[in-house]
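> My file is work.txt. It has compact mmCIF, C-alpha atoms:
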# COMPACT_ATOMS: atom_id res chain seq x y z
CA GLY I 191 -39.17 30.03 -2.73
CA LEU I 192 -39.17 31.06 -6.36
CA GLY I 193 -41.80 33.72 -5.77
CA ASP I 194 -39.82 35.34 -2.95
CA VAL I 195 -36.61 35.44 -4.99
CA TYR I 196 -38.27 37.12 -7.96
CA LYS I 197 -40.70 39.33 -6.07
CA ARG I 198 -39.35 42.56 -7.52
CA GLN I 199 -37.02 41.53 -10.32
CA VAL I 200 -36.58 38.38 -12.36
CA TYR I 201 -33.32 38.39 -14.24
CA ILE I 202 -30.89 40.13 -11.86
CA PRO I 203 -31.55 37.70 -8.95
CA LEU I 204 -30.85 34.81 -11.30
CA GLY I 205 -27.43 36.25 -12.13
CA ILE I 206 -26.65 36.89 -8.48
CA ARG I 207 -27.63 33.37 -7.40
CA ALA I 208 -25.52 31.89 -10.21
CA GLY I 209 -22.49 33.91 -9.10
CA LEU I 210 -22.36 35.88 -12.34
CA LEU I 211 -23.23 39.22 -10.74
CA PRO I 212 -22.25 40.89 -7.46
CA PRO I 213 -24.81 40.83 -4.63
CA ASP I 214 -25.56 44.55 -5.07
CA ALA I 215 -26.18 44.33 -8.83
CA THR I 216 -29.19 46.20 -10.21
CA LYS I 217 -30.85 46.73 -13.56
CA ALA I 218 -29.18 50.15 -13.74
CA SER I 219 -25.67 48.81 -13.09
CA HIS I 220 -25.86 45.60 -15.15
CA GLY I 221 -28.67 46.27 -17.61
CA GLU I 222 -26.76 45.17 -20.70
CA PHE I 223 -25.75 41.83 -19.15
CA ARG I 224 -29.33 41.39 -17.99
CA ASP I 225 -30.78 41.91 -21.47
CA LYS I 226 -28.16 40.04 -23.52
CA VAL I 227 -27.44 37.11 -21.20
CA LEU I 228 -29.84 36.63 -18.29
CA LYS I 229 -33.09 37.35 -20.12
CA PRO I 230 -32.64 34.79 -22.95
CA VAL I 231 -31.30 32.27 -20.45
CA LEU I 232 -34.25 32.49 -18.05
CA LEU I 233 -36.87 32.61 -20.79
CA GLY I 234 -35.28 29.53 -22.33
CA LEU I 235 -35.11 27.74 -18.99
CA GLN I 236 -38.80 28.22 -18.35
CA TYR I 237 -39.83 26.21 -21.37
CA GLY I 238 -37.18 23.51 -21.08
CA ARG I 239 -34.40 24.81 -23.26
CA GLN I 240 -31.14 23.00 -22.59
CA PRO I 241 -27.71 24.65 -22.08
CA GLN I 242 -26.66 24.17 -25.71
CA GLY I 243 -29.68 26.06 -26.98
CA ILE I 244 -29.39 28.72 -24.29
CA ALA I 245 -25.74 29.27 -25.27
CA LEU I 246 -26.85 29.99 -28.83
CA ALA I 247 -29.36 32.53 -27.52
CA ILE I 248 -26.65 34.26 -25.48
CA GLY I 249 -24.05 34.55 -28.21
CA GLY I 250 -26.18 34.41 -31.32
CA GLY I 251 -24.31 31.34 -32.56
CA ASN I 252 -20.94 33.10 -32.65
CA PRO I 253 -18.35 30.27 -32.82
CA GLU I 254 -15.71 32.48 -31.19
CA THR I 255 -17.75 32.91 -28.00
CA TYR I 256 -19.72 29.66 -27.99
CA ARG I 257 -17.48 27.88 -25.48
CA SER I 258 -17.74 30.69 -22.92
CA ASP I 259 -21.45 31.13 -23.68
CA LEU I 260 -21.99 27.41 -23.04
CA HIS I 261 -20.12 27.64 -19.74
CA ILE I 262 -22.42 30.47 -18.58
CA ALA I 263 -25.52 28.61 -19.77
CA GLU I 264 -24.54 25.39 -18.00
CA LYS I 265 -23.81 27.17 -14.74
CA ILE I 266 -27.10 29.05 -14.69
CA HIS I 267 -29.03 25.95 -15.75
CA ARG I 268 -27.49 23.92 -12.90
CA LYS I 269 -27.97 26.63 -10.28
CA HIS I 270 -31.60 27.18 -11.26
CA ASN I 271 -32.41 23.48 -11.01
CA GLU I 272 -30.64 23.16 -7.67
CA ALA I 273 -32.26 26.24 -6.15
CA HIS I 274 -35.78 25.66 -7.48
CA HIS I 275 -36.16 21.88 -7.53
CA VAL I 276 -39.71 22.18 -6.17
CA PHE I 277 -40.64 24.30 -9.18
CA TRP I 278 -39.20 21.75 -11.61
CA HIS I 279 -41.00 18.92 -9.84
CA TRP I 280 -44.26 20.87 -10.27
CA VAL I 281 -43.51 21.41 -13.97
CA ASP I 282 -42.86 17.70 -14.54
CA ALA I 283 -45.96 16.69 -12.59
CA GLY I 284 -48.10 19.10 -14.59
CA ALA I 285 -46.83 17.70 -17.89
CA GLN I 286 -47.51 14.12 -16.78
CA GLN I 287 -51.04 15.02 -15.70
CA ALA I 288 -51.70 16.72 -19.05
CA PHE I 289 -50.59 13.66 -21.00
CA LEU I 290 -52.68 11.35 -18.80
CA SER I 291 -55.85 13.46 -18.97
CA GLY I 292 -55.45 14.61 -22.57
CA ARG I 293 -55.81 18.28 -21.74
CA ILE I 294 -54.27 21.21 -19.89
CA GLU I 295 -56.25 24.11 -18.47
CA THR I 296 -55.72 27.44 -16.72
CA LYS I 297 -57.60 28.48 -13.59
CA MET I 298 -59.82 30.69 -15.74
CA GLY I 299 -60.84 27.77 -17.95
CA TRP I 300 -58.67 28.34 -21.03
CA ARG I 301 -58.04 24.82 -22.31
CA MET I 302 -55.80 23.02 -24.78
CA LEU I 303 -56.15 19.40 -25.86
CA VAL I 304 -52.99 17.36 -25.37
CA GLY I 305 -51.97 14.44 -27.56
CA ASP I 306 -49.44 11.66 -27.10
CA PRO I 307 -46.06 13.08 -28.24
CA LEU I 308 -45.37 9.81 -30.08
CA THR I 309 -48.47 10.10 -32.27
CA ARG I 310 -47.37 10.07 -35.92
CA THR I 311 -48.95 9.32 -39.27
CA TYR I 312 -47.37 8.76 -42.68
CA GLU I 313 -48.70 11.36 -45.10
CA ASN I 314 -47.49 12.51 -48.50
CA GLY I 315 -44.32 10.50 -48.28
CA ARG I 316 -43.20 11.60 -44.83
CA TRP I 317 -44.02 11.17 -41.16
CA GLN I 318 -46.19 13.88 -39.60
CA GLU I 319 -46.12 14.40 -35.83
CA TYR I 320 -49.47 15.24 -34.25
CA GLY I 321 -48.65 14.81 -30.59
CA THR I 322 -47.99 17.57 -28.06
CA LYS I 323 -44.36 18.20 -27.25
CA PRO I 324 -43.37 18.42 -23.55
CA LEU I 325 -41.77 21.82 -24.22
CA THR I 326 -45.09 23.07 -25.57
CA LEU I 327 -46.77 22.24 -22.27
CA MET I 328 -44.11 24.08 -20.28
CA ASN I 329 -44.46 27.22 -22.37
CA TRP I 330 -48.25 27.03 -22.73
CA ARG I 331 -49.06 27.26 -19.02
CA MET I 332 -47.02 30.45 -18.59
CA GLN I 333 -48.32 32.09 -21.76
CA ALA I 334 -51.94 31.09 -21.13
CA THR I 335 -51.90 32.23 -17.50
CA GLY I 336 -50.36 35.54 -18.54
CA ALA I 337 -53.11 35.93 -21.13
CA ASP I 338 -55.74 35.24 -18.45
CA ILE I 339 -54.28 38.03 -16.31
CA ILE I 340 -54.33 40.52 -19.18
CA ARG I 341 -57.93 39.60 -20.11
CA VAL I 342 -59.12 40.08 -16.52
CA ALA I 343 -57.26 43.40 -16.28
CA CYS I 344 -58.64 44.69 -19.61
CA ALA I 345 -62.20 43.76 -18.60
CA ALA I 346 -61.86 45.47 -15.22
CA LEU I 347 -60.30 48.62 -16.72
CA THR I 348 -62.97 48.86 -19.41
CA SER I 349 -65.73 48.44 -16.83
CA ALA I 350 -64.15 51.23 -14.77
CA GLY I 351 -64.20 53.60 -17.74
CA VAL I 352 -60.54 53.49 -18.74
CA GLU I 353 -60.11 53.79 -22.53
CA VAL I 354 -58.13 50.64 -23.30
CA ILE I 355 -56.60 50.65 -26.79
CA CYS I 356 -55.20 47.12 -26.88
CA PRO I 357 -53.02 44.63 -25.01
CA VAL I 358 -49.37 44.51 -26.08
CA HIS I 359 -48.15 41.04 -25.04
CA ASP I 360 -47.84 41.50 -21.25
CA ALA I 361 -48.69 45.22 -21.25
CA ILE I 362 -51.84 47.28 -21.75
CA LEU I 363 -51.96 50.35 -23.96
CA PHE I 364 -54.55 52.93 -22.90
CA ILE I 365 -55.29 56.59 -23.49
CA THR I 366 -56.18 59.28 -20.99
CA ASP I 367 -56.22 63.03 -20.60
CA ILE I 368 -52.79 64.39 -19.68
CA SER I 369 -54.25 66.34 -16.77
CA CYS I 370 -55.21 63.15 -14.91
CA ARG I 371 -52.59 60.75 -16.22
CA GLU I 372 -50.99 60.16 -12.81
CA ASP I 373 -54.25 59.11 -11.16
CA VAL I 374 -55.34 56.97 -14.10
CA GLY I 375 -51.85 55.45 -14.46
CA ASN I 376 -51.78 54.44 -10.81
CA PHE I 377 -55.27 52.96 -11.13
CA VAL I 378 -54.19 50.90 -14.15
CA VAL I 379 -51.16 49.60 -12.26
CA GLN I 380 -53.27 48.64 -9.24
CA THR I 381 -55.86 46.94 -11.45
CA MET I 382 -53.25 44.89 -13.31
CA GLU I 383 -51.64 43.83 -10.05
CA ARG I 384 -55.04 42.84 -8.61
CA ALA I 385 -55.74 40.84 -11.76
CA ALA I 386 -52.54 38.89 -11.18
CA VAL I 387 -53.60 38.13 -7.60
CA THR I 388 -57.03 37.02 -8.82
CA VAL I 389 -55.68 34.69 -11.50
CA PHE I 390 -52.23 33.74 -10.27
CA GLY I 391 -52.58 34.13 -6.52
CA ALA I 392 -49.64 36.52 -6.19
CA ARG I 393 -48.85 40.13 -7.00
CA ILE I 394 -46.78 40.82 -10.11
CA PRO I 395 -45.16 44.30 -10.10
CA VAL I 396 -46.21 46.57 -12.97
CA ASP I 397 -44.20 49.44 -14.46
CA GLN I 398 -45.48 52.53 -16.24
CA GLN I 399 -44.27 54.07 -19.48
CA TRP I 400 -45.86 57.24 -20.82
CA VAL I 401 -46.06 58.37 -24.43
CA LEU I 402 -46.87 62.08 -24.39
CA PRO I 403 -48.39 64.19 -27.18
CA GLY I 404 -45.93 64.50 -30.06
CA GLN I 405 -44.07 61.35 -29.05
CA ASN I 406 -44.19 57.86 -30.53
CA TRP I 407 -44.14 54.54 -28.73
CA ARG I 408 -41.97 51.73 -29.98
CA PRO I 409 -39.85 49.00 -28.37
CA LYS I 410 -36.09 49.44 -28.11
CA LYS I 411 -35.57 46.82 -30.81
CA GLY I 412 -38.14 48.38 -33.12
CA ASP I 413 -36.01 51.16 -34.61
CA LYS I 414 -35.29 49.27 -37.83
CA MET I 415 -38.93 48.50 -38.51
CA TRP I 416 -39.94 52.03 -37.49
CA ALA I 417 -37.58 53.42 -40.13
CA VAL I 418 -39.08 51.14 -42.79
CA VAL I 419 -42.64 52.14 -41.91
CA SER I 420 -41.76 55.83 -41.74
CA LYS I 421 -40.20 55.76 -45.21
CA ALA I 422 -43.23 53.92 -46.59
CA LEU I 423 -45.60 56.53 -45.13
CA GLU I 424 -43.51 59.27 -46.73
CA GLY I 425 -43.73 57.53 -50.09
CA GLU I 426 -40.09 56.43 -50.18
CA PRO I 427 -39.14 52.94 -51.45
Hey, can you dump this file as structure tokens for me?

Amino acid sequence: GLGDVYKRQVYIPLGIRAGLLPPDATKASHGEFRDKVLKPVLLGLQYGRQPQGIALAIGGGNPETYRSDLHIAEKIHRKHNEAHHVFWHWVDAGAQQAFLSGRIETKMGWRMLVGDPLTRTYENGRWQEYGTKPLTLMNWRMQATGADIIRVACAALTSAGVEVICPVHDAILFITDISCREDVGNFVVQTMERAAVTVFGARIPVDQQWVLPGQNWRPKKGDKMWAVVSKALEGEP
């Protein structure tokens, strides 16, 4: 099943199953291909993006590579649908139920009202669409369930005395004394994984990243913005 395939990693197994990576591929050996190709492809797949759009995500719209990018996107799209047809049937059934009932809801009760995607009104000289797009439903369930997991984890950590600073998308930023960081870090990991089991019904592996005194935390793609902020703090234009 889909859960067994992606039990430890998400993107590398997708590349292996599509025949784009060797069977022994890992994040360490094919990290660049994982980040530039497999990650945008899978994220796009999960909310209904078609091969043409996925190809643009892979190559950034470069006309010189678009044909090869489209070939990769089509192959992965086909393989994913063939291998995980039960998952796609569940996605379609969930969207149909949402349109019929007029709402979609997570297990924890987070709800969104759903409107007919064909609902339109003519306002200020143009047609305005007020319905819910099918792609919105596909993306909403994943995002909302992930948010449920983070909320449960933050509540449990706070109750246990961990000093939670804030959630960062699918991560939790917390502070602890350096002398006990290993014990606290392991406790945070276990709590987040238990939260996933509580909400989602399955364990989701959690990684740790430490920012020690004198260091700064920022994503890999945040260097440009970090430079702008740093200059502003120093009084430079």
> Give the answer as one residue: which of I:Trp278, I:Trp300, I:Trp407, I:Tyr201 has the shortest atom-to-atom distance to I:Asp225, using only C-alpha atoms?
I:Tyr201
> Just the residues within 9 Å of stretch 263-271 of chain I, please, counting all atoms listed in the file, with nothing from its chain fewer than 6 positions along; format it as a list in words.
Leu204, Gly205, Arg207, Ala208, Gly209, Leu210, Val227, Leu228, Val231, Leu232, Leu235, Gln240, Pro241, Gln242, Gly243, Ile244, Ala245, Ile248, Phe277 and Trp278 of chain I
> Counting only C-alpha atoms, which residue out of I:Pro230, I:Thr335, I:Asn329, I:Ala283 sits closest to I:Asp259?
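The answer is I:Pro230, which sits nearest to I:Asp259.
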> Given the choices I:Lys323, I:Arg331, I:Arg224, I:Lys297, which gets closest to I:Gly391 if the distance is worked out from only C-alpha atoms?
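Between I:Lys323, I:Arg331, I:Arg224, I:Lys297, the residue approaching I:Gly391 most closely is I:Lys297.
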> In Å, how far is it from atom CA of I:Pro324 to atom CA of I:Ser258?
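Straight-line distance from atom CA of I:Pro324 to atom CA of I:Ser258 works out to 28.4 Å.
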> Please report the interatomic distance between atom CA of I:Pro403 and atom CA of I:Val354 in Å with one decimal.
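Result for atom CA of I:Pro403 versus atom CA of I:Val354: 17.1 Å, one decimal.
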> Out of I:Arg384, I:Phe390, I:Phe289, I:Ser369, which residue has the shortest atom-to-atom distance to I:Leu402 when counting only C-alpha atoms?
I:Ser369
> Centre and edge lengths of an axis-aligned box around all listed atoms of stretch 400-412 of chain I, with 6 Å added on each side, are to be given in Å to one decimal, as lines of an AutoDock Vina configuration file.

center_x = -42.0
center_y = 55.7
center_z = -27.0
size_x = 24.8
size_y = 29.7
size_z = 24.3
> Which one of I:His359, I:His275, I:His261, I:Arg371 sits closest to I:Ile340 if you count all atoms listed in the file?
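Of the candidates, the smallest distance to I:Ile340 is held by I:His359.
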> Rank I:Leu423, I:Gly251, I:Leu325, I:Gly221 by their smallest atom-to-atom distance to I:Gln236, using all atoms listed in the file, and report the top residue only.
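Of I:Leu423, I:Gly251, I:Leu325, I:Gly221, the one nearest I:Gln236, counting all atoms listed in the file, is I:Leu325.
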> What does the structure give for the distance between atom CA of I:Leu211 and atom CA of I:Gly250, in Å to one decimal?
21.3 Å
> Could you list, as a PyMOL selection string, every residue within 12 Å of I:Asp397, counting all atoms listed in the file and ignoring same-chain residues fewer than 3 positions away?
chain I and resi 198-199+360-362+375-376+378-380+382-383+394+400
> Can you write just those residues out, C-alpha atoms, as a JSON list (two decimals), in the frame of the given file?

[["chain", "number", "residue", "atom", "x", "y", "z"],
["I", 198, "ARG", "CA", -39.35, 42.56, -7.52],
["I", 199, "GLN", "CA", -37.02, 41.53, -10.32],
["I", 360, "ASP", "CA", -47.84, 41.50, -21.25],
["I", 361, "ALA", "CA", -48.69, 45.22, -21.25],
["I", 362, "ILE", "CA", -51.84, 47.28, -21.75],
["I", 375, "GLY", "CA", -51.85, 55.45, -14.46],
["I", 376, "ASN", "CA", -51.78, 54.44, -10.81],
["I", 378, "VAL", "CA", -54.19, 50.90, -14.15],
["I", 379, "VAL", "CA", -51.16, 49.60, -12.26],
["I", 380, "GLN", "CA", -53.27, 48.64, -9.24],
["I", 382, "MET", "CA", -53.25, 44.89, -13.31],
["I", 383, "GLU", "CA", -51.64, 43.83, -10.05],
["I", 394, "ILE", "CA", -46.78, 40.82, -10.11],
["I", 400, "TRP", "CA", -45.86, 57.24, -20.82]]
